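Engineer: One structure is given below, represented as structure tokens, and several questions about it will come after.
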Amino acid sequence: MLKINQIWNNILLEAEAKTPSTLAYDLYINSLQPVGIYKDRLILLTVNRAIKNIVDNNYKGILKSCTNIVFPSIIDVEIITEEDLPHLGNVQQEVDIPVTASYVSDTEEKVSFVSQYTFENFVIGKSNEYAEAVARAVADNPGTKYNPVYLWGGVGLGKTHLMHAIGNHIQRAFPDKKIMYVACDQFVNEFIESVRDTSNDSSSMKNFRDKYRKLDVLMMDDVQFLAGKESSQEEMFHTFNALYLANKQIILSSDRPPKEIKIEDRLKTRFGMGIIADIQAPDLETRIAILQKKCNNKGYTLNIKVLSLIAEKITNNIREMEGMLNRIISYSTLVGGDPNDLNIVNDALRDYADSSNDIITIDHIVNAGCEYFHVKKEDLIGKKKNKEIVVPRQICIYLICDILGQSMPLATIGEFFGGRDHTTVMHARDKISEEIKTNDVTAAQVKDIRDKIYNR
Ligand code: ADP
Ligand code: MG
């Protein structure tokens, strides 16, 4: 039996690799909530009609095909909003469905390796050759030789790709090995759930431990997210020891070296006691070679001039580079032009630059608000309760909710504003939202700040 969240997480992995831009992925795909399965359809909840339309019109194809790759028996994907919930039939949240072979290991747990993330598809340059060699060595010889392996480097430089490459390889070369890839967050969440469920189900903790401690290979991605989570760190410490003492392979990744993660010392020491390999930003030649590889895989024929142009613009994040490549392809298809025509490329990139300016963060909004009202940021997000601060604070909160929408949970906004409760955020949002209807001054202020945010 698979839980709906497991199903959805597997689809997300596939979708992440296939969505043209990370922003689109985060905004429109990763934000969907799986509701369940109803009559062989996967039901996904979105926040409002507007987003539903965007997803329906632009991302449903991708969602359907990714779902189909992983779970061939799910025939369709349906996007709904809260209003539709009461009209849903009996939705199943746990189902027994076939999973495509490469997604299951011989344990009942699914192992999800993105099929494109292989060693063959990984381009080697000076910046990553050591990490790649280490990854290949463990993939060829999982066990005690290099243990643990710790890969670290900035965002979008290929850590996850290498881990999946190890996974794909081991699964093929050593089909008997029990291997698991887990994002750190997922481990933390499962641990919390097991602790929570222990009162109802005394086996929940044991199941959790069996799952992680009876593996031949454990890969944990982004271990920096253990920071601040003490009981998860403790659990990881014991998981680590159990595997290590049994000569099982452990592979970790992070955005920084072991000694810089904010975790307890004994775990830090363990993470760093095997092989540590870093990945740096690739040089220009490597970046171009990566683009060439992506083009070959996707069947694009772009000439070296265009590829160089992309590689010169984006220097330290391969995912972004791919985003730009995809943008050029989709733009040229859209306008019916040649993607090798530099005019077309420049138009596409202008479009890209405009859309990346759209990446507005809480910080942008708060800064614009502070500038407009001439208040200090620390006051705005602090405890002061005088009117000169409270009104700008509420307006900023309103704008954050309005502009960032559901991609920004109320609790996160509250956290940003000095640890306020989500109900305080809701109150501010609703108050200003009403006020703009009746008070021209407030309406004008909101408009001015909004213009400032968008640099109009
Ligand atoms: P990280 O986990 O370090 O943030 P990812 O592994 O998700 O980065 O890589 C981001 C994107 O860049 C992926 O699409 C990946 O395939 C690609 N990529 C990164 N490094 C390489 C490389 N050396 N060769 C080919 N593709 C790469
Ligand atoms: Mg990653």
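For the structure tokens, the naming scheme is as follows: chains receive sequential letters (A, B, ...) according to their order of presentation, residues are indexed from 1 within each chain, and ligands are indexed from 1 in presentation order.
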Name each residue within 7 Å of ligand 2, counting only C-alpha atoms and all ligand atoms, as a PyMOL selection string.
Structural biologist: chain A and resi 155-156+158-160+221-222
Engineer: Which residues are near ligand 1 in this structure, taking near to mean any atom at most 9 Å from a ligand atom and counting only C-alpha atoms and all ligand atoms? Format them as a PDB file with N, CA and C atoms, in the first residue's frame.
Structural biologist:
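File result11.pdb, as written:
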ATOM      1  N   GLU A  16      10.057  17.495 -11.264  1.00  0.00           N
ATOM      2  CA  GLU A  16      11.082  18.515 -11.056  1.00  0.00           C
ATOM      3  C   GLU A  16      12.107  18.456 -12.177  1.00  0.00           C
ATOM      4  N   ALA A  17      12.410  17.230 -12.579  1.00  0.00           N
ATOM      5  CA  ALA A  17      13.408  17.078 -13.631  1.00  0.00           C
ATOM      6  C   ALA A  17      12.869  17.541 -14.985  1.00  0.00           C
ATOM      7  N   LYS A  18      11.547  17.597 -15.094  1.00  0.00           N
ATOM      8  CA  LYS A  18      10.962  17.876 -16.406  1.00  0.00           C
ATOM      9  C   LYS A  18      10.404  19.287 -16.552  1.00  0.00           C
ATOM     10  N   GLN A 116      17.006  10.283 -15.834  1.00  0.00           N
ATOM     11  CA  GLN A 116      18.036  11.033 -16.582  1.00  0.00           C
ATOM     12  C   GLN A 116      19.281  11.328 -15.746  1.00  0.00           C
ATOM     13  N   TYR A 117      19.160  11.221 -14.450  1.00  0.00           N
ATOM     14  CA  TYR A 117      20.313  11.549 -13.606  1.00  0.00           C
ATOM     15  C   TYR A 117      21.258  10.344 -13.525  1.00  0.00           C
ATOM     16  N   THR A 118      22.053  10.193 -14.563  1.00  0.00           N
ATOM     17  CA  THR A 118      22.982   9.063 -14.622  1.00  0.00           C
ATOM     18  C   THR A 118      24.406   9.590 -14.719  1.00  0.00           C
ATOM     19  N   PHE A 119      25.379   8.685 -14.578  1.00  0.00           N
ATOM     20  CA  PHE A 119      26.772   9.076 -14.786  1.00  0.00           C
ATOM     21  C   PHE A 119      27.011   9.466 -16.237  1.00  0.00           C
ATOM     22  N   GLU A 120      26.357   8.749 -17.143  1.00  0.00           N
ATOM     23  CA  GLU A 120      26.539   9.049 -18.569  1.00  0.00           C
ATOM     24  C   GLU A 120      26.124  10.491 -18.868  1.00  0.00           C
ATOM     25  N   ASN A 121      25.092  10.952 -18.174  1.00  0.00           N
ATOM     26  CA  ASN A 121      24.606  12.306 -18.432  1.00  0.00           C
ATOM     27  C   ASN A 121      25.309  13.363 -17.592  1.00  0.00           C
ATOM     28  N   PHE A 122      26.274  12.958 -16.813  1.00  0.00           N
ATOM     29  CA  PHE A 122      26.976  13.908 -15.957  1.00  0.00           C
ATOM     30  C   PHE A 122      28.281  14.327 -16.631  1.00  0.00           C
ATOM     31  N   VAL A 123      28.393  15.604 -16.912  1.00  0.00           N
ATOM     32  CA  VAL A 123      29.592  16.100 -17.603  1.00  0.00           C
ATOM     33  C   VAL A 123      30.680  16.408 -16.582  1.00  0.00           C
ATOM     34  N   ILE A 124      31.875  15.932 -16.870  1.00  0.00           N
ATOM     35  CA  ILE A 124      32.951  16.099 -15.902  1.00  0.00           C
ATOM     36  C   ILE A 124      33.842  17.274 -16.280  1.00  0.00           C
ATOM     37  N   GLY A 125      34.164  18.073 -15.291  1.00  0.00           N
ATOM     38  CA  GLY A 125      35.124  19.162 -15.486  1.00  0.00           C
ATOM     39  C   GLY A 125      35.971  19.241 -14.227  1.00  0.00           C
ATOM     40  N   SER A 127      35.832  21.220 -11.852  1.00  0.00           N
ATOM     41  CA  SER A 127      35.086  21.605 -10.658  1.00  0.00           C
ATOM     42  C   SER A 127      34.406  20.413  -9.968  1.00  0.00           C
ATOM     43  N   ASN A 128      34.177  19.342 -10.724  1.00  0.00           N
ATOM     44  CA  ASN A 128      33.394  18.247 -10.132  1.00  0.00           C
ATOM     45  C   ASN A 128      34.051  16.880 -10.331  1.00  0.00           C
ATOM     46  N   GLU A 129      35.284  16.859 -10.887  1.00  0.00           N
ATOM     47  CA  GLU A 129      35.842  15.546 -11.260  1.00  0.00           C
ATOM     48  C   GLU A 129      36.105  14.664 -10.049  1.00  0.00           C
ATOM     49  N   GLU A 132      32.783  13.344  -8.778  1.00  0.00           N
ATOM     50  CA  GLU A 132      32.253  12.336  -9.700  1.00  0.00           C
ATOM     51  C   GLU A 132      33.009  11.019  -9.534  1.00  0.00           C
ATOM     52  N   TRP A 152      29.519  17.966  -1.100  1.00  0.00           N
ATOM     53  CA  TRP A 152      28.943  19.285  -0.806  1.00  0.00           C
ATOM     54  C   TRP A 152      29.248  20.299  -1.895  1.00  0.00           C
ATOM     55  N   GLY A 153      28.365  21.287  -2.016  1.00  0.00           N
ATOM     56  CA  GLY A 153      28.538  22.335  -3.018  1.00  0.00           C
ATOM     57  C   GLY A 153      27.271  23.162  -3.121  1.00  0.00           C
ATOM     58  N   GLY A 154      27.364  24.276  -3.850  1.00  0.00           N
ATOM     59  CA  GLY A 154      26.240  25.220  -3.945  1.00  0.00           C
ATOM     60  C   GLY A 154      25.035  24.634  -4.678  1.00  0.00           C
ATOM     61  N   VAL A 155      23.966  25.413  -4.657  1.00  0.00           N
ATOM     62  CA  VAL A 155      22.714  24.985  -5.277  1.00  0.00           C
ATOM     63  C   VAL A 155      22.877  24.823  -6.787  1.00  0.00           C
ATOM     64  N   GLY A 156      22.317  23.764  -7.307  1.00  0.00           N
ATOM     65  CA  GLY A 156      22.269  23.576  -8.762  1.00  0.00           C
ATOM     66  C   GLY A 156      23.583  23.135  -9.363  1.00  0.00           C
ATOM     67  N   LEU A 157      24.462  22.534  -8.563  1.00  0.00           N
ATOM     68  CA  LEU A 157      25.758  22.125  -9.105  1.00  0.00           C
ATOM     69  C   LEU A 157      25.885  20.614  -9.285  1.00  0.00           C
ATOM     70  N   GLY A 158      24.819  19.875  -9.010  1.00  0.00           N
ATOM     71  CA  GLY A 158      24.846  18.466  -9.388  1.00  0.00           C
ATOM     72  C   GLY A 158      24.930  17.453  -8.255  1.00  0.00           C
ATOM     73  N   LYS A 159      24.688  17.876  -7.012  1.00  0.00           N
ATOM     74  CA  LYS A 159      24.752  16.915  -5.901  1.00  0.00           C
ATOM     75  C   LYS A 159      23.659  15.859  -6.019  1.00  0.00           C
ATOM     76  N   THR A 160      22.439  16.345  -6.220  1.00  0.00           N
ATOM     77  CA  THR A 160      21.324  15.405  -6.316  1.00  0.00           C
ATOM     78  C   THR A 160      21.493  14.512  -7.546  1.00  0.00           C
ATOM     79  N   HIS A 161      21.958  15.123  -8.621  1.00  0.00           N
ATOM     80  CA  HIS A 161      22.195  14.345  -9.845  1.00  0.00           C
ATOM     81  C   HIS A 161      23.170  13.196  -9.538  1.00  0.00           C
ATOM     82  N   LEU A 162      24.268  13.485  -8.863  1.00  0.00           N
ATOM     83  CA  LEU A 162      25.249  12.429  -8.572  1.00  0.00           C
ATOM     84  C   LEU A 162      24.666  11.347  -7.673  1.00  0.00           C
ATOM     85  N   MET A 163      23.865  11.748  -6.695  1.00  0.00           N
ATOM     86  CA  MET A 163      23.276  10.739  -5.809  1.00  0.00           C
ATOM     87  C   MET A 163      22.344   9.812  -6.589  1.00  0.00           C
ATOM     88  N   HIS A 164      21.549  10.399  -7.446  1.00  0.00           N
ATOM     89  CA  HIS A 164      20.653   9.555  -8.253  1.00  0.00           C
ATOM     90  C   HIS A 164      21.458   8.682  -9.214  1.00  0.00           C
ATOM     91  N   ASP A 221      20.045  13.418   1.224  1.00  0.00           N
ATOM     92  CA  ASP A 221      20.341  14.652   0.491  1.00  0.00           C
ATOM     93  C   ASP A 221      20.085  15.867   1.380  1.00  0.00           C
ATOM     94  N   ASP A 222      20.940  16.858   1.273  1.00  0.00           N
ATOM     95  CA  ASP A 222      20.753  18.140   1.966  1.00  0.00           C
ATOM     96  C   ASP A 222      20.694  18.018   3.490  1.00  0.00           C
ATOM     97  N   SER A 253      24.745  14.503   1.351  1.00  0.00           N
ATOM     98  CA  SER A 253      25.070  15.713   0.605  1.00  0.00           C
ATOM     99  C   SER A 253      24.665  16.920   1.419  1.00  0.00           C
ATOM    100  N   SER A 254      25.289  18.040   1.106  1.00  0.00           N
ATOM    101  CA  SER A 254      24.986  19.260   1.834  1.00  0.00           C
ATOM    102  C   SER A 254      25.454  20.452   1.017  1.00  0.00           C
ATOM    103  N   ASP A 255      24.998  21.624   1.413  1.00  0.00           N
ATOM    104  CA  ASP A 255      25.466  22.817   0.708  1.00  0.00           C
ATOM    105  C   ASP A 255      26.738  23.386   1.332  1.00  0.00           C
ATOM    106  N   ILE A 279      31.956  20.149  -4.785  1.00  0.00           N
ATOM    107  CA  ILE A 279      31.678  20.481  -6.181  1.00  0.00           C
ATOM    108  C   ILE A 279      31.673  22.001  -6.276  1.00  0.00           C
ATOM    109  N   PRO A 282      31.205  25.145 -12.322  1.00  0.00           N
ATOM    110  CA  PRO A 282      31.992  24.693 -13.467  1.00  0.00           C
ATOM    111  C   PRO A 282      32.564  25.861 -14.280  1.00  0.00           C
ATOM    112  N   THR A 286      33.160  23.643 -19.389  1.00  0.00           N
ATOM    113  CA  THR A 286      32.291  22.607 -18.807  1.00  0.00           C
ATOM    114  C   THR A 286      30.830  23.028 -18.918  1.00  0.00           C
ATOM    115  N   ARG A 287      30.580  24.293 -18.691  1.00  0.00           N
ATOM    116  CA  ARG A 287      29.187  24.753 -18.777  1.00  0.00           C
ATOM    117  C   ARG A 287      28.652  24.551 -20.195  1.00  0.00           C
ATOM    118  N   ALA A 289      29.752  22.376 -22.337  1.00  0.00           N
ATOM    119  CA  ALA A 289      29.610  20.925 -22.569  1.00  0.00           C
ATOM    120  C   ALA A 289      28.327  20.393 -21.922  1.00  0.00           C
ATOM    121  N   ILE A 290      27.993  20.919 -20.739  1.00  0.00           N
ATOM    122  CA  ILE A 290      26.761  20.477 -20.079  1.00  0.00           C
ATOM    123  C   ILE A 290      25.554  20.856 -20.939  1.00  0.00           C
ATOM    124  N   LEU A 291      25.588  22.087 -21.454  1.00  0.00           N
ATOM    125  CA  LEU A 291      24.474  22.521 -22.304  1.00  0.00           C
ATOM    126  C   LEU A 291      24.366  21.645 -23.551  1.00  0.00           C
ATOM    127  N   LYS A 293      25.222  18.565 -23.837  1.00  0.00           N
ATOM    128  CA  LYS A 293      24.672  17.276 -23.416  1.00  0.00           C
ATOM    129  C   LYS A 293      23.154  17.369 -23.249  1.00  0.00           C
ATOM    130  N   LYS A 294      22.715  18.438 -22.582  1.00  0.00           N
ATOM    131  CA  LYS A 294      21.266  18.602 -22.382  1.00  0.00           C
ATOM    132  C   LYS A 294      20.572  18.706 -23.730  1.00  0.00           C
ATOM    133  N   ASN A 317      25.091  28.212 -11.513  1.00  0.00           N
ATOM    134  CA  ASN A 317      23.943  27.356 -11.207  1.00  0.00           C
ATOM    135  C   ASN A 317      23.471  26.688 -12.500  1.00  0.00           C
ATOM    136  N   ILE A 318      23.685  25.382 -12.566  1.00  0.00           N
ATOM    137  CA  ILE A 318      23.385  24.673 -13.805  1.00  0.00           C
ATOM    138  C   ILE A 318      21.890  24.571 -14.048  1.00  0.00           C
ATOM    139  N   ARG A 319      21.146  24.467 -12.968  1.00  0.00           N
ATOM    140  CA  ARG A 319      19.699  24.407 -13.143  1.00  0.00           C
ATOM    141  C   ARG A 319      19.186  25.675 -13.827  1.00  0.00           C
ATOM    142  N   GLU A 320      19.743  26.821 -13.418  1.00  0.00           N
ATOM    143  CA  GLU A 320      19.318  28.071 -14.047  1.00  0.00           C
ATOM    144  C   GLU A 320      19.728  28.121 -15.514  1.00  0.00           C
ATOM    145  N   MET A 321      20.905  27.577 -15.770  1.00  0.00           N
ATOM    146  CA  MET A 321      21.373  27.547 -17.141  1.00  0.00           C
ATOM    147  C   MET A 321      20.403  26.737 -18.004  1.00  0.00           C
ATOM    148  N   GLU A 322      19.963  25.614 -17.463  1.00  0.00           N
ATOM    149  CA  GLU A 322      18.991  24.791 -18.188  1.00  0.00           C
ATOM    150  C   GLU A 322      17.691  25.545 -18.387  1.00  0.00           C
TER     151      GLU A 322
END
Engineer: Check the DSSP output for the backbone and give back, as a PyMOL selection string, the residues of segment 65-298 of chain A in helix (DSSP H, G or I).
Structural biologist: chain A and resi 65-70+82-87+101-103+129-140+159-173+184-197+204-213+223-226+230-245+258-260+265-271+284-298
Engineer: Got a sec: who's within 7 Å of Leu32 of chain A, counting only C-alpha atoms, leaving out chain neighbours fewer than 6 positions off, as a list in words?
Structural biologist: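 Answer for this query is Leu44, Leu45 and Thr46 of chain A.
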Engineer: With C-alpha atoms retained, could you export that selection as a JSON list (two decimals), in the first residue's frame?
Structural biologist:
[["chain", "number", "residue", "atom", "x", "y", "z"],
["A", 44, "LEU", "CA", -4.61, 17.63, -6.55],
["A", 45, "LEU", "CA", -5.71, 20.65, -4.61],
["A", 46, "THR", "CA", -4.70, 24.17, -5.50]]
Engineer: Could you state the separation of atom CA of Ser65 of chain A and atom CA of Val77 of chain A in Å, given to one decimal place?
Structural biologist: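 One can read the atom CA of Ser65 of chain A to atom CA of Val77 of chain A distance as 9.5 Å.
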Engineer: Skipping near chain neighbours, those fewer than 5 positions away, what residues fall within 8 Å of Ser194 of chain A using only C-alpha atoms, listed as an mmCIF file with N, CA and C atoms, in the first residue's frame?
Structural biologist:
data_model
loop_
_atom_site.group_PDB
_atom_site.id
_atom_site.type_symbol
_atom_site.label_atom_id
_atom_site.label_comp_id
_atom_site.auth_asym_id
_atom_site.auth_seq_id
_atom_site.Cartn_x
_atom_site.Cartn_y
_atom_site.Cartn_z
ATOM 1 N N SER A 204 5.174 1.858 15.320
ATOM 2 C CA SER A 204 5.520 2.878 14.325
ATOM 3 C C SER A 204 7.005 3.267 14.376
ATOM 4 N N MET A 205 7.548 3.369 15.580
ATOM 5 C CA MET A 205 8.961 3.728 15.702
ATOM 6 C C MET A 205 9.847 2.589 15.203
ATOM 7 N N PHE A 208 9.895 2.573 11.484
ATOM 8 C CA PHE A 208 10.754 3.647 10.983
ATOM 9 C C PHE A 208 12.222 3.218 11.080
#
Engineer: Pick from A:Ser332, A:Arg41, A:Val114, A:Asn147: nearest to Glu14 of chain A, with only C-alpha atoms counted?
Structural biologist: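 When distances to Glu14 of chain A are compared using only C-alpha atoms, the smallest one comes from A:Val114.
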Engineer: Using atom CA of Ile453 of chain A and atom CA of Ile54 of chain A as the two end points, give the distance in Å to one decimal.
Structural biologist: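 Atom CA of Ile54 of chain A lies 23.1 Å from atom CA of Ile453 of chain A.
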Engineer: Need to verify the contact set: segment 433-441 of chain A, 10 Å, only C-alpha atoms, exclusion of same-chain residues closer than 2 positions in sequence. Can you return it as number ranges by chain?
Structural biologist: A: 394-395, 398-399, 402, 427-431, 443-447
Engineer: Between A:Lys305, A:Tyr150, A:Ser199, A:Val375, single out the one closest to Lys268 of chain A, counting only C-alpha atoms.
Structural biologist: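 Among A:Lys305, A:Tyr150, A:Ser199, A:Val375, it is A:Tyr150 that comes nearest to Lys268 of chain A.
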Engineer: Please provide as a list in words all residues within 12 Å of Ile389 of chain A, with the sequence filter that same-chain residues fewer than 2 positions apart are discarded (counting only C-alpha atoms).
Structural biologist: Gly369, Cys370, Phe373, His374, Val375, Lys376, Lys377, Glu378, Asp379, Leu380, Ile381, Gly382, Lys383, Lys384, Lys385, Asn386, Lys387, Val391, Pro392, Arg393, Gln394, Ile395 and Cys396 of chain A
Engineer: For Asn141 of chain A, find every residue with an atom within 10 Å (counting only C-alpha atoms), except residues of its own chain fewer than 6 positions away, and show them as a list in words.
Structural biologist: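 The filter keeps Ala135, Ile170, Ala173, Phe174 and Gln249 of chain A.
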Engineer: Between atom CA of Val345 of chain A and atom CA of Ile328 of chain A, what is the distance, to one decimal in Å?
Structural biologist: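 Rounded to one decimal, the two atoms are 6.0 Å apart.
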Engineer: Give the answer as one residue: which of A:Ile11, A:Ala131, A:Met219, A:Ala411 has the shortest atom-to-atom distance to Val425 of chain A, using only C-alpha atoms?
Structural biologist: A:Ala411
Engineer: Taking only C-alpha atoms into account, name the residue in A:Lys259, A:Arg209, A:Lys52, A:Lys248 that is nearest to Val195 of chain A.
Structural biologist: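 Closest candidate: A:Arg209.
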Engineer: Apply DSSP to the structure's backbone, then extract all residues of segment 101-217 of chain A labelled strand (DSSP E) and return them as a list in words.
Structural biologist: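 Restricting segment 101-217 of chain A to strand (DSSP E) produces Val149, Tyr150, Leu151, Trp152, Gly153, Ile179, Met180, Tyr181, Val182, Ala183 and Val217 of chain A.
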